Amino acid sequence: MRQIALYGKGGIGKSTTSANLSAAFSEMGLDVMQIGCDPKHDSTRMLMHGRWIPTVLEQMYDHKEIRSEDIIYQGFGNIRCVEAGGPEPGIGCAGRGIIATFQLLEKMQALYGDVVVYDVLGDVVCGGFAMPMRDGYAQEVYLVTSGELMSLYAANNICKAIARISERSSAKCRLGGVICNAKNMDNEQGLVEEFAKRIGSKLVCFIPRSNSVRAAEVNRMTVIEHDPASNQAKVYRDCAKIILENTDLRIPTPLALEELEELAREYL
Amino acid sequence: MGGCTLTGALSVACFIPGAVTVVHAPKGCAHQTFSMLHALMNEAETRIVPEILVSGLSDKDVIFGGEDCLRQALDRAAEKKPELIIVVTSCVPETIGDDCLAVCREHPYAERTLYIPTSGFLGGSAKDGENAALIGLSALAEPADPVPGTVGIIGEKNLESEVEENFAEVQRLLDLLGLTVSVRFCRNAAVSDLRKLGTVSCFILRDGRCADAGRELGRRFSRPVVGGFPRGLSGSVSFLQETGKACGLSAEKIESAVLQETKYQKKMLERFANLAGSRVCLGAEPFEGTLTAAREALACLDMTESPNGINVRLPFYLPVGVSGTVKMLYLWRRAILHG
């Protein structure tokens, strides 16, 4: 079983990328599960044709005895979709919610299949959001970033978390590579490619900005489902293939802030 | 070990008859803390059963926020119609960001509810919890004109075994000055008594442990603060001088009190005259200051300290005034005369 986590800055397109990769994996005939690890619980919405599925945390506390069908819902391509959920903004502890979700999924033995894709809230704000990288869950992390400085900054911070977690002898988590979800900036691909190189990794995929993403979203579908013949669908399929074939997993070397800023200046 | 802020705060809050204390925490925090308080109260032969309610924060509350849990605990506390609800918190609600003050203010029982942010380990040690509780509870009292001849005792160690004996010794000295204690803040004092805090002419702290609260109270009510209960024999004399001065007594009144005290001490020491010439080896000092008080007593009784002398114990708590010294001398005499 391949367990893949996508991390990146909020709003960078992790959920869109995750859902399209899951759809592409499913097209390859793989048994896929996607777990949204974000309190806003919209990771699997496009796979579920716009449906907001009940979250694990809602179900966990509404039912005395929770069953797998209460939290696992089949979406496009029979992808098993799960949303961790979390508190309303400003209260409680979302990180603890992620931990509780993993404990429940583990207890239910619900983590199985050929590929499990974890779509995790942007910044690793506390230990809870590092949970998918710990305890042997996601063994490959892919950073989703654009060429914007703040997006690279968040990706660099996640590298710090991976590097720290990797120090433990029991840790299996490594960086698989960087996915550039482009914002149509000048020199964007070169910048992200260089960033990936400097952190000791590589650019695995460049996803150009495309109207087909918007069109698919307003129709509550992934690009793979909505416009399977489009160039954008091919980009996602290629990306999924590269990830599946990728065996080059590394411990990243995060950059100092000054170096990161200098890098961004070089590619202006 | 500094202990937990929650323990410190409860050691103050539990000694207010008519009040209910709500502990906003997981059940385990309240259980651990109260078990310790209960054990210490038993040791001190304290016969009180404080009204404590725990909000019982669960995993669900940690994830989704514990404010509802606190609200429900306040509802249960309010049903008892107490004179006061005191809310203290463990580290959990502070970590997850519960707005406990807002919940207390919005509750129908808000006028009789006092929130003391203690925040468990995040807020420091048990000492910090005691100070936070004393400062928080002082909000019950409005600034008022001082009533001459009255003092307030601040921060008695409710869990120590000799708390009443120590208070009696302080009261004996205050009697010599003609002063009366109008509030013991907070030692078995009803809420109505606590409200009198602003009327005293001087605050007397139990010791430096509650110095933070002493500073805050002194500033808020513009009153002098005596830093601690008297330590040993000379400490009793200086306590009379300092307290008398702080309360604005005349020099003659203070001198007269000192004279009476000196006679009293002389008479007390005569009872231990048979210890003169003894050589003793003093044990380890449990709290700073005990050794000084012990050496002073040795000198007054013509005893000497020697590593080869008879081993005598120092009291666990600092000897307060003459009564504390007498208790220590009884211990020594038993060791010297009877082995």
# chains A, B, ... in the order shown; residues from 1 in each chain; ligands from 1
>>> interface_residues(of="chain A", to="chain B", cutoff="6 Å", atoms="only C-alpha atoms", output="short mmCIF file (atom, residue, chain, number, x, y, z; two decimals) with N, CA and C atoms, in the first residue's frame")
data_model
loop_
_atom_site.label_atom_id
_atom_site.label_comp_id
_atom_site.auth_asym_id
_atom_site.auth_seq_id
_atom_site.Cartn_x
_atom_site.Cartn_y
_atom_site.Cartn_z
N PRO A 87 -13.19 21.50 14.46
CA PRO A 87 -14.03 22.51 15.11
C PRO A 87 -14.30 23.72 14.21
N ILE A 91 -12.20 28.02 17.80
CA ILE A 91 -12.38 27.28 19.05
C ILE A 91 -11.79 25.88 18.95
N GLY A 92 -11.55 25.31 20.12
CA GLY A 92 -11.11 23.92 20.17
C GLY A 92 -9.72 23.70 19.61
N CYS A 93 -9.44 22.44 19.28
CA CYS A 93 -8.10 22.08 18.84
C CYS A 93 -8.20 21.14 17.63
N ALA A 94 -8.01 21.71 16.43
CA ALA A 94 -8.12 20.93 15.20
C ALA A 94 -7.04 19.86 15.13
N ARG A 96 -5.75 18.09 17.54
CA ARG A 96 -6.18 16.94 18.32
C ARG A 96 -7.23 16.14 17.52
N GLY A 97 -8.05 16.87 16.75
CA GLY A 97 -9.06 16.23 15.91
C GLY A 97 -8.43 15.29 14.88
#
>>> residues_around(residues="region 16-31 of chain B", least_positions_apart="5", cutoff="8 Å", atoms="only C-alpha atoms", output="PyMOL selection string")
chain B and resi 50-58+70+73-74+77+82-93+186-191
>>> residues_around(residues="Ser151 (chain A)", least_positions_apart="2", cutoff="10 Å", atoms="only C-alpha atoms", output="tab-separated table (two decimals) with C-alpha atoms, in the first residue's frame")
chain	number	residue	atom	x	y	z
A	8	GLY	CA	1.20	22.99	1.14
A	9	LYS	CA	0.01	26.50	1.89
A	10	GLY	CA	-3.72	27.06	2.33
A	11	GLY	CA	-5.49	27.81	-0.96
A	12	ILE	CA	-2.62	26.55	-3.12
A	122	GLY	CA	-1.44	23.87	4.69
A	123	ASP	CA	0.93	24.82	7.47
A	143	LEU	CA	4.84	19.56	-1.36
A	144	VAL	CA	2.31	21.51	-3.40
A	145	THR	CA	3.48	25.04	-4.06
A	146	SER	CA	3.38	27.86	-6.57
A	147	GLY	CA	6.19	30.30	-7.23
A	148	GLU	CA	4.82	32.79	-4.69
A	149	LEU	CA	7.19	33.47	-1.82
A	153	TYR	CA	7.88	29.60	2.69
A	154	ALA	CA	5.10	27.20	3.80
A	155	ALA	CA	6.65	24.38	1.76
A	156	ASN	CA	10.01	25.09	3.38
A	157	ASN	CA	8.40	24.91	6.83
>>> residues_around(residues="Gly136 (chain B)", least_positions_apart="3", cutoff="10 Å", atoms="only C-alpha atoms", output="PDB file with C-alpha atoms, in the first residue's frame")
ATOM      1  CA  ALA B   9      -5.669  28.015  43.627  1.00  0.00           C
ATOM      2  CA  ILE B  86     -15.222  30.423  41.803  1.00  0.00           C
ATOM      3  CA  LEU B 114     -15.496  34.895  39.811  1.00  0.00           C
ATOM      4  CA  TYR B 115     -13.083  33.583  37.197  1.00  0.00           C
ATOM      5  CA  ILE B 116      -9.524  32.966  38.306  1.00  0.00           C
ATOM      6  CA  PRO B 117      -7.224  32.157  35.365  1.00  0.00           C
ATOM      7  CA  GLU B 130      -2.292  30.692  45.358  1.00  0.00           C
ATOM      8  CA  ASN B 131      -1.346  34.219  44.384  1.00  0.00           C
ATOM      9  CA  ALA B 132      -3.704  34.202  41.401  1.00  0.00           C
ATOM     10  CA  ALA B 133      -6.551  33.064  43.689  1.00  0.00           C
ATOM     11  CA  ALA B 139     -11.956  41.718  43.459  1.00  0.00           C
ATOM     12  CA  LEU B 140     -14.845  40.898  45.821  1.00  0.00           C
ATOM     13  CA  ALA B 213      -0.629  39.018  46.110  1.00  0.00           C
TER      14      ALA B 213
END
>>> residues_around(residues="Phe76 (chain A)", least_positions_apart="5", cutoff="10 Å", atoms="only C-alpha atoms", output="mmCIF file with C-alpha atoms, in the first residue's frame")
data_model
loop_
_atom_site.group_PDB
_atom_site.id
_atom_site.type_symbol
_atom_site.label_atom_id
_atom_site.label_comp_id
_atom_site.auth_asym_id
_atom_site.auth_seq_id
_atom_site.Cartn_x
_atom_site.Cartn_y
_atom_site.Cartn_z
ATOM 1 C CA ALA A 19 -8.706 14.668 -5.889
ATOM 2 C CA SER A 22 -6.863 10.022 -6.709
ATOM 3 C CA ALA A 23 -9.102 9.982 -9.792
ATOM 4 C CA SER A 26 -8.442 4.994 -9.792
ATOM 5 C CA GLU A 27 -8.431 5.099 -13.615
ATOM 6 C CA THR A 44 -13.234 14.995 -1.320
ATOM 7 C CA MET A 46 -15.299 16.979 -6.177
ATOM 8 C CA LEU A 47 -14.935 13.187 -5.919
ATOM 9 C CA MET A 48 -18.370 13.115 -4.219
ATOM 10 C CA HIS A 49 -20.003 15.334 -6.885
ATOM 11 C CA CYS A 81 -13.549 9.232 0.701
ATOM 12 C CA MET A 221 -16.253 17.092 -10.559
ATOM 13 C CA THR A 222 -12.563 16.452 -10.950
ATOM 14 C CA ILE A 224 -10.355 13.695 -14.906
ATOM 15 C CA GLU A 225 -14.086 13.053 -14.738
#
>>> select_by_dssp(residues="region 53-188 of chain B", states="strand (DSSP E)", output="NGL selection string")
:B and (53-54 or 84-89 or 113-116 or 150-154 or 180-185)
>>> residues_around(residues="Tyr236 (chain A)", least_positions_apart="4", cutoff="8 Å", atoms="only C-alpha atoms", output="list in words")
Thr17, Asn20, Leu21, Ala24, Ile207, Ile224, Gln232 and Ala240 of chain A
>>> decode(residues="region 1-46 of chain A", atoms="N, CA and C atoms", output="PDB file, in the first residue's frame")
ATOM      1  N   MET A   1       0.861  -1.209   0.000  1.00  0.00           N
ATOM      2  CA  MET A   1       0.000   0.000   0.000  1.00  0.00           C
ATOM      3  C   MET A   1       0.884   1.241   0.000  1.00  0.00           C
ATOM      4  N   ARG A   2       0.616   2.146  -0.964  1.00  0.00           N
ATOM      5  CA  ARG A   2       1.347   3.411  -1.002  1.00  0.00           C
ATOM      6  C   ARG A   2       0.539   4.433  -0.219  1.00  0.00           C
ATOM      7  N   GLN A   3       1.208   5.130   0.687  1.00  0.00           N
ATOM      8  CA  GLN A   3       0.522   6.178   1.456  1.00  0.00           C
ATOM      9  C   GLN A   3       1.206   7.504   1.140  1.00  0.00           C
ATOM     10  N   ILE A   4       0.439   8.398   0.555  1.00  0.00           N
ATOM     11  CA  ILE A   4       0.996   9.646   0.014  1.00  0.00           C
ATOM     12  C   ILE A   4       0.305  10.829   0.663  1.00  0.00           C
ATOM     13  N   ALA A   5       1.091  11.781   1.148  1.00  0.00           N
ATOM     14  CA  ALA A   5       0.484  12.978   1.740  1.00  0.00           C
ATOM     15  C   ALA A   5       0.840  14.197   0.920  1.00  0.00           C
ATOM     16  N   LEU A   6      -0.151  15.039   0.694  1.00  0.00           N
ATOM     17  CA  LEU A   6       0.099  16.306   0.010  1.00  0.00           C
ATOM     18  C   LEU A   6      -0.025  17.435   1.025  1.00  0.00           C
ATOM     19  N   TYR A   7       1.044  18.176   1.158  1.00  0.00           N
ATOM     20  CA  TYR A   7       1.064  19.310   2.079  1.00  0.00           C
ATOM     21  C   TYR A   7       1.335  20.591   1.290  1.00  0.00           C
ATOM     22  N   GLY A   8       0.904  21.714   1.797  1.00  0.00           N
ATOM     23  CA  GLY A   8       1.200  22.988   1.144  1.00  0.00           C
ATOM     24  C   GLY A   8       0.395  24.108   1.769  1.00  0.00           C
ATOM     25  N   LYS A   9       0.684  25.316   1.344  1.00  0.00           N
ATOM     26  CA  LYS A   9       0.015  26.501   1.886  1.00  0.00           C
ATOM     27  C   LYS A   9      -1.495  26.431   1.607  1.00  0.00           C
ATOM     28  N   GLY A  10      -2.272  27.006   2.518  1.00  0.00           N
ATOM     29  CA  GLY A  10      -3.719  27.059   2.334  1.00  0.00           C
ATOM     30  C   GLY A  10      -4.083  27.746   1.025  1.00  0.00           C
ATOM     31  N   GLY A  11      -5.004  27.179   0.264  1.00  0.00           N
ATOM     32  CA  GLY A  11      -5.491  27.814  -0.962  1.00  0.00           C
ATOM     33  C   GLY A  11      -4.603  27.557  -2.178  1.00  0.00           C
ATOM     34  N   ILE A  12      -3.563  26.748  -2.012  1.00  0.00           N
ATOM     35  CA  ILE A  12      -2.618  26.550  -3.118  1.00  0.00           C
ATOM     36  C   ILE A  12      -3.129  25.529  -4.133  1.00  0.00           C
ATOM     37  N   GLY A  13      -4.152  24.765  -3.730  1.00  0.00           N
ATOM     38  CA  GLY A  13      -4.727  23.790  -4.661  1.00  0.00           C
ATOM     39  C   GLY A  13      -4.428  22.350  -4.285  1.00  0.00           C
ATOM     40  N   LYS A  14      -4.208  22.106  -3.015  1.00  0.00           N
ATOM     41  CA  LYS A  14      -3.900  20.732  -2.572  1.00  0.00           C
ATOM     42  C   LYS A  14      -5.087  19.803  -2.811  1.00  0.00           C
ATOM     43  N   SER A  15      -6.295  20.295  -2.467  1.00  0.00           N
ATOM     44  CA  SER A  15      -7.468  19.420  -2.586  1.00  0.00           C
ATOM     45  C   SER A  15      -7.761  19.111  -4.041  1.00  0.00           C
ATOM     46  N   THR A  16      -7.654  20.122  -4.891  1.00  0.00           N
ATOM     47  CA  THR A  16      -7.878  19.899  -6.329  1.00  0.00           C
ATOM     48  C   THR A  16      -6.858  18.892  -6.860  1.00  0.00           C
ATOM     49  N   THR A  17      -5.597  19.102  -6.481  1.00  0.00           N
ATOM     50  CA  THR A  17      -4.542  18.199  -6.951  1.00  0.00           C
ATOM     51  C   THR A  17      -4.768  16.788  -6.394  1.00  0.00           C
ATOM     52  N   SER A  18      -5.069  16.710  -5.081  1.00  0.00           N
ATOM     53  CA  SER A  18      -5.272  15.390  -4.442  1.00  0.00           C
ATOM     54  C   SER A  18      -6.406  14.642  -5.124  1.00  0.00           C
ATOM     55  N   ALA A  19      -7.526  15.336  -5.328  1.00  0.00           N
ATOM     56  CA  ALA A  19      -8.706  14.668  -5.889  1.00  0.00           C
ATOM     57  C   ALA A  19      -8.418  14.196  -7.315  1.00  0.00           C
ATOM     58  N   ASN A  20      -7.720  15.023  -8.100  1.00  0.00           N
ATOM     59  CA  ASN A  20      -7.415  14.622  -9.477  1.00  0.00           C
ATOM     60  C   ASN A  20      -6.400  13.483  -9.521  1.00  0.00           C
ATOM     61  N   LEU A  21      -5.442  13.495  -8.590  1.00  0.00           N
ATOM     62  CA  LEU A  21      -4.484  12.382  -8.536  1.00  0.00           C
ATOM     63  C   LEU A  21      -5.203  11.095  -8.143  1.00  0.00           C
ATOM     64  N   SER A  22      -6.106  11.208  -7.133  1.00  0.00           N
ATOM     65  CA  SER A  22      -6.863  10.022  -6.709  1.00  0.00           C
ATOM     66  C   SER A  22      -7.672   9.471  -7.883  1.00  0.00           C
ATOM     67  N   ALA A  23      -8.300  10.401  -8.634  1.00  0.00           N
ATOM     68  CA  ALA A  23      -9.102   9.982  -9.792  1.00  0.00           C
ATOM     69  C   ALA A  23      -8.216   9.284 -10.827  1.00  0.00           C
ATOM     70  N   ALA A  24      -7.012   9.830 -11.031  1.00  0.00           N
ATOM     71  CA  ALA A  24      -6.087   9.238 -12.006  1.00  0.00           C
ATOM     72  C   ALA A  24      -5.626   7.855 -11.531  1.00  0.00           C
ATOM     73  N   PHE A  25      -5.334   7.735 -10.232  1.00  0.00           N
ATOM     74  CA  PHE A  25      -4.942   6.417  -9.687  1.00  0.00           C
ATOM     75  C   PHE A  25      -6.071   5.403  -9.908  1.00  0.00           C
ATOM     76  N   SER A  26      -7.282   5.873  -9.653  1.00  0.00           N
ATOM     77  CA  SER A  26      -8.442   4.994  -9.792  1.00  0.00           C
ATOM     78  C   SER A  26      -8.609   4.527 -11.246  1.00  0.00           C
ATOM     79  N   GLU A  27      -8.368   5.450 -12.180  1.00  0.00           N
ATOM     80  CA  GLU A  27      -8.431   5.099 -13.615  1.00  0.00           C
ATOM     81  C   GLU A  27      -7.432   4.008 -13.971  1.00  0.00           C
ATOM     82  N   MET A  28      -6.344   3.968 -13.207  1.00  0.00           N
ATOM     83  CA  MET A  28      -5.309   2.948 -13.461  1.00  0.00           C
ATOM     84  C   MET A  28      -5.717   1.599 -12.882  1.00  0.00           C
ATOM     85  N   GLY A  29      -6.911   1.547 -12.294  1.00  0.00           N
ATOM     86  CA  GLY A  29      -7.405   0.294 -11.741  1.00  0.00           C
ATOM     87  C   GLY A  29      -6.972   0.048 -10.306  1.00  0.00           C
ATOM     88  N   LEU A  30      -6.482   1.118  -9.654  1.00  0.00           N
ATOM     89  CA  LEU A  30      -6.020   0.947  -8.270  1.00  0.00           C
ATOM     90  C   LEU A  30      -7.151   1.192  -7.284  1.00  0.00           C
ATOM     91  N   ASP A  31      -7.050   0.531  -6.122  1.00  0.00           N
ATOM     92  CA  ASP A  31      -8.015   0.739  -5.036  1.00  0.00           C
ATOM     93  C   ASP A  31      -7.518   1.947  -4.230  1.00  0.00           C
ATOM     94  N   VAL A  32      -8.291   3.039  -4.256  1.00  0.00           N
ATOM     95  CA  VAL A  32      -7.797   4.320  -3.721  1.00  0.00           C
ATOM     96  C   VAL A  32      -8.671   4.806  -2.565  1.00  0.00           C
ATOM     97  N   MET A  33      -8.009   5.399  -1.589  1.00  0.00           N
ATOM     98  CA  MET A  33      -8.722   6.046  -0.483  1.00  0.00           C
ATOM     99  C   MET A  33      -8.164   7.467  -0.371  1.00  0.00           C
ATOM    100  N   GLN A  34      -9.014   8.461  -0.188  1.00  0.00           N
ATOM    101  CA  GLN A  34      -8.527   9.829   0.027  1.00  0.00           C
ATOM    102  C   GLN A  34      -9.048  10.335   1.367  1.00  0.00           C
ATOM    103  N   ILE A  35      -8.125  10.837   2.180  1.00  0.00           N
ATOM    104  CA  ILE A  35      -8.505  11.332   3.511  1.00  0.00           C
ATOM    105  C   ILE A  35      -8.213  12.820   3.594  1.00  0.00           C
ATOM    106  N   GLY A  36      -9.242  13.607   3.765  1.00  0.00           N
ATOM    107  CA  GLY A  36      -9.077  15.046   3.936  1.00  0.00           C
ATOM    108  C   GLY A  36      -8.759  15.344   5.393  1.00  0.00           C
ATOM    109  N   CYS A  37      -7.604  15.953   5.625  1.00  0.00           N
ATOM    110  CA  CYS A  37      -7.189  16.260   7.006  1.00  0.00           C
ATOM    111  C   CYS A  37      -7.228  17.763   7.216  1.00  0.00           C
ATOM    112  N   ASP A  38      -8.379  18.327   7.047  1.00  0.00           N
ATOM    113  CA  ASP A  38      -8.516  19.777   7.167  1.00  0.00           C
ATOM    114  C   ASP A  38      -9.903  20.043   7.759  1.00  0.00           C
ATOM    115  N   PRO A  39      -9.991  20.890   8.801  1.00  0.00           N
ATOM    116  CA  PRO A  39     -11.316  21.140   9.400  1.00  0.00           C
ATOM    117  C   PRO A  39     -12.346  21.647   8.401  1.00  0.00           C
ATOM    118  N   LYS A  40     -11.906  22.267   7.306  1.00  0.00           N
ATOM    119  CA  LYS A  40     -12.919  22.797   6.374  1.00  0.00           C
ATOM    120  C   LYS A  40     -13.525  21.682   5.503  1.00  0.00           C
ATOM    121  N   HIS A  41     -13.075  20.522   5.631  1.00  0.00           N
ATOM    122  CA  HIS A  41     -13.620  19.256   5.104  1.00  0.00           C
ATOM    123  C   HIS A  41     -14.169  19.310   3.667  1.00  0.00           C
ATOM    124  N   ASP A  42     -13.378  19.903   2.764  1.00  0.00           N
ATOM    125  CA  ASP A  42     -13.819  19.966   1.364  1.00  0.00           C
ATOM    126  C   ASP A  42     -12.880  19.207   0.430  1.00  0.00           C
ATOM    127  N   SER A  43     -12.030  18.388   0.989  1.00  0.00           N
ATOM    128  CA  SER A  43     -11.022  17.711   0.176  1.00  0.00           C
ATOM    129  C   SER A  43     -11.647  16.773  -0.868  1.00  0.00           C
ATOM    130  N   THR A  44     -12.682  16.053  -0.456  1.00  0.00           N
ATOM    131  CA  THR A  44     -13.234  14.995  -1.320  1.00  0.00           C
ATOM    132  C   THR A  44     -14.500  15.436  -2.063  1.00  0.00           C
ATOM    133  N   ARG A  45     -14.824  16.719  -1.934  1.00  0.00           N
ATOM    134  CA  ARG A  45     -16.115  17.182  -2.463  1.00  0.00           C
ATOM    135  C   ARG A  45     -16.269  16.941  -3.967  1.00  0.00           C
ATOM    136  N   MET A  46     -15.210  17.172  -4.712  1.00  0.00           N
ATOM    137  CA  MET A  46     -15.299  16.979  -6.177  1.00  0.00           C
ATOM    138  C   MET A  46     -15.428  15.494  -6.517  1.00  0.00           C
TER     139      MET A  46
END
